[in-house]
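Remarks on the structure that follows.
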Amino acid sequence: MNYIEINKKAYDILAPFYEEQQRQADAADHGGLFKLVPKLLKNGRMLGFHEIDASNYRKEILFTDLIAGQPKNPKMLDIGVAIGYVMRYFADMGYKTTGVDLSSRMCEVAGKISPESEIFPGNIFDRDFPAEQFDVITMMSLLCQLPIEDARELLERVKTWLKPTGCIYVSTSVEKNKKSGIFSKKTLGFSKLKDQKIQRFRTNYTLEAFIDLIESSGFEILMPFLIKDKSKTNRVFQGYICRVKS
Ligand SMILES: C[S@@+](CC[C@H](N)C(=O)[O-])C[C@H]1O[C@@H](n2cnc3c(N)ncnc32)[C@H](O)[C@@H]1O
């Protein structure tokens, strides 16, 4: 099996567990971050990392919408949609939403969560979009699913699909060492999967290595985030809103 087939198999297994996790996160949600925005934004930029508690489940995507401004007939693309909650957010904000995911089972769930979105099951490398289509392109925990050369290649393609005024959001966990390979996925929080080893290809990034990937691929960081999951795993994630370097 190549790394794409390994990851497709892993996420087909994980789809119903992600769906349940999202249901629980929705039930526990305690409101948006819009209150914080005036403090965070200075001329559309932010200096230093903004720290978010992960119980505000992935709310950093809110800022992507603010940075993209208020385009007419806005469009967004989510790569690695999983169960589709990022598209749901943008659809609610009036965006025309498109998503791609390797796992057809994830796409089935995403179709329920965000029914107005156009969803393509399959490998993103088998897709093309017309040039300068999207105001926002999100890749949350997606680049880490690829070998570094493929992550670079994807960022190159993304540049062509993005409008000149558009922005991207990329994120991954913060790891101590940079390494790529096939690892067993930790299934913390999914008790029914405890005894099951789910193999997955992954590239682990340190802060420096992920920032280097972004900047050396021709993007500049507008807003960096550190997202801390204090509740379960103590893991820390890094996220960046970026635009193409002028
Ligand atoms: C870790 S999950 C992240 C999902 C979601 N973006 C989030 O942050 O919760 C990664 C998702 O990317 C999908 N994926 C991995 N490689 C892909 C590829 N080459 N093309 C499309 N989707 C891919 C997987 O199937 C999985 O649903």
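Residues in the structure tokens are named by chain (A, B, ... in the order shown) and by number from 1 within that chain; ligands are numbered from 1 in the order shown.
By chain and then residue number, the residues within 9 Å of Ala82 (chain A) are Tyr11, Ala15, Tyr18, Ile79, Gly80, Gly84, Tyr85, Val100, Asp101, Leu102, Ser103, Arg105, Met106, Cys107, Val109 and Ala110 of chain A, counting only C-alpha atoms and disregarding those fewer than 2 positions away in sequence.
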Using DSSP on the backbone coordinates, identify all residues within region 85-127 of chain A classified as strand (DSSP E); present the result as a compact mmCIF listing (two decimals) with C-alpha atoms, in the first residue's frame.
# COMPACT_ATOMS: atom_id res chain seq x y z
CA LYS A 96 -19.89 28.92 -1.44
CA THR A 97 -18.01 25.95 -0.04
CA THR A 98 -16.08 23.15 -1.72
CA GLY A 99 -14.34 20.27 0.03
CA VAL A 100 -12.10 17.33 -0.83
CA ASP A 101 -11.30 14.29 1.31
CA GLU A 118 -19.83 20.62 -2.96
CA ILE A 119 -17.78 17.63 -1.76
CA PHE A 120 -15.33 15.59 -3.82
CA PRO A 121 -14.14 12.27 -2.40
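The residue set within 12 Å of region 1-3 of chain A, counting only C-alpha atoms and dropping same-chain residues fewer than 3 places from it, reads Ile6, Asn7, Lys8, Lys9, Ala10, Leu102, Asn123, Gln145, Leu146, Pro147, Asp150, Ser180, Gly181, Ile182, Phe183, Gln199, Arg200, Phe201, Arg202 and Thr203 of chain A.
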Margin query: Here is a test: counting only C-alpha atoms and all ligand atoms, which residue of A:Asp92, A:Asp78, A:Glu116, A:Glu208 is nearest to ligand 1?
Written below: A:Asp78
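Minimum atom-to-atom distances from A:Ala91, A:Leu77, A:Leu143, A:Ile113 to ligand 1 were compared using only C-alpha atoms and all ligand atoms, and the lowest value belongs to A:Leu143.
Near Val158 (chain A), within 10 Å and counting only C-alpha atoms, sit A:Leu77, A:Ile79, A:Asp128, A:Phe129, A:Ala131, A:Glu132, A:Phe134, A:Ile137, A:Thr138, A:Arg152, A:Glu153, A:Leu154, A:Leu155, A:Trp161, A:Leu162, A:Lys163, A:Ile168, A:Val244; same-chain residues fewer than 3 positions away were not included.
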Next, write the just-selected residues to a file, as a short mmCIF file (atom, residue, chain, number, x, y, z; two decimals), in the first residue's frame, keeping C-alpha atoms as the atom set.
data_model
loop_
_atom_site.label_atom_id
_atom_site.label_comp_id
_atom_site.auth_asym_id
_atom_site.auth_seq_id
_atom_site.Cartn_x
_atom_site.Cartn_y
_atom_site.Cartn_z
CA LEU A 77 -12.04 25.35 -0.37
CA ILE A 79 -8.75 20.27 1.78
CA ASP A 128 -7.68 20.65 -10.33
CA PHE A 129 -9.60 23.90 -10.00
CA ALA A 131 -7.14 29.64 -11.46
CA GLU A 132 -7.85 32.29 -8.80
CA PHE A 134 -11.04 30.91 -3.81
CA ILE A 137 -8.39 27.76 1.42
CA THR A 138 -8.15 25.79 4.66
CA ARG A 152 5.35 21.74 -0.98
CA GLU A 153 3.78 20.61 -4.26
CA LEU A 154 0.28 21.09 -2.79
CA LEU A 155 1.13 24.60 -1.55
CA TRP A 161 -6.30 28.34 -6.99
CA LEU A 162 -6.25 31.28 -4.55
CA LYS A 163 -7.46 34.77 -5.52
CA ILE A 168 -5.01 30.22 3.54
CA VAL A 244 0.97 34.72 -0.92
#
Check: Nearest to ligand 1 among A:Tyr95, A:Phe125, A:Tyr169, A:Tyr89, with distances taken over only C-alpha atoms and all ligand atoms: which residue is it?
Finding: A:Phe125
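Residue nearest ligand 1, chosen from A:Leu14, A:Ile124, A:Leu222, A:Ile83 and counting only C-alpha atoms and all ligand atoms: A:Ile124.
Nearest to ligand 1 of all the residues A:Ile61, A:Cys167, A:Ile4, A:Ile67 is A:Ile4, based on only C-alpha atoms and all ligand atoms.
Considering the residues A:Pro164, A:Gly122, A:Gly239, A:Pro130 and counting only C-alpha atoms and all ligand atoms, ligand 1 has its shortest atom-to-atom contact with A:Gly122.
Straight-line separation from atom 5 (C, counted along the ligand's line) of ligand 1 to CA of Asp126 (chain A): 19.0 Å.
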Margin query: Can you pull out every residue from region 77-172 of chain A that DSSP, working from the backbone, puts in helix (DSSP H, G or I), and format the result as a PyMOL selection string?
Written below: chain A and resi 85-92+104-113+124-126+143-145+148-161
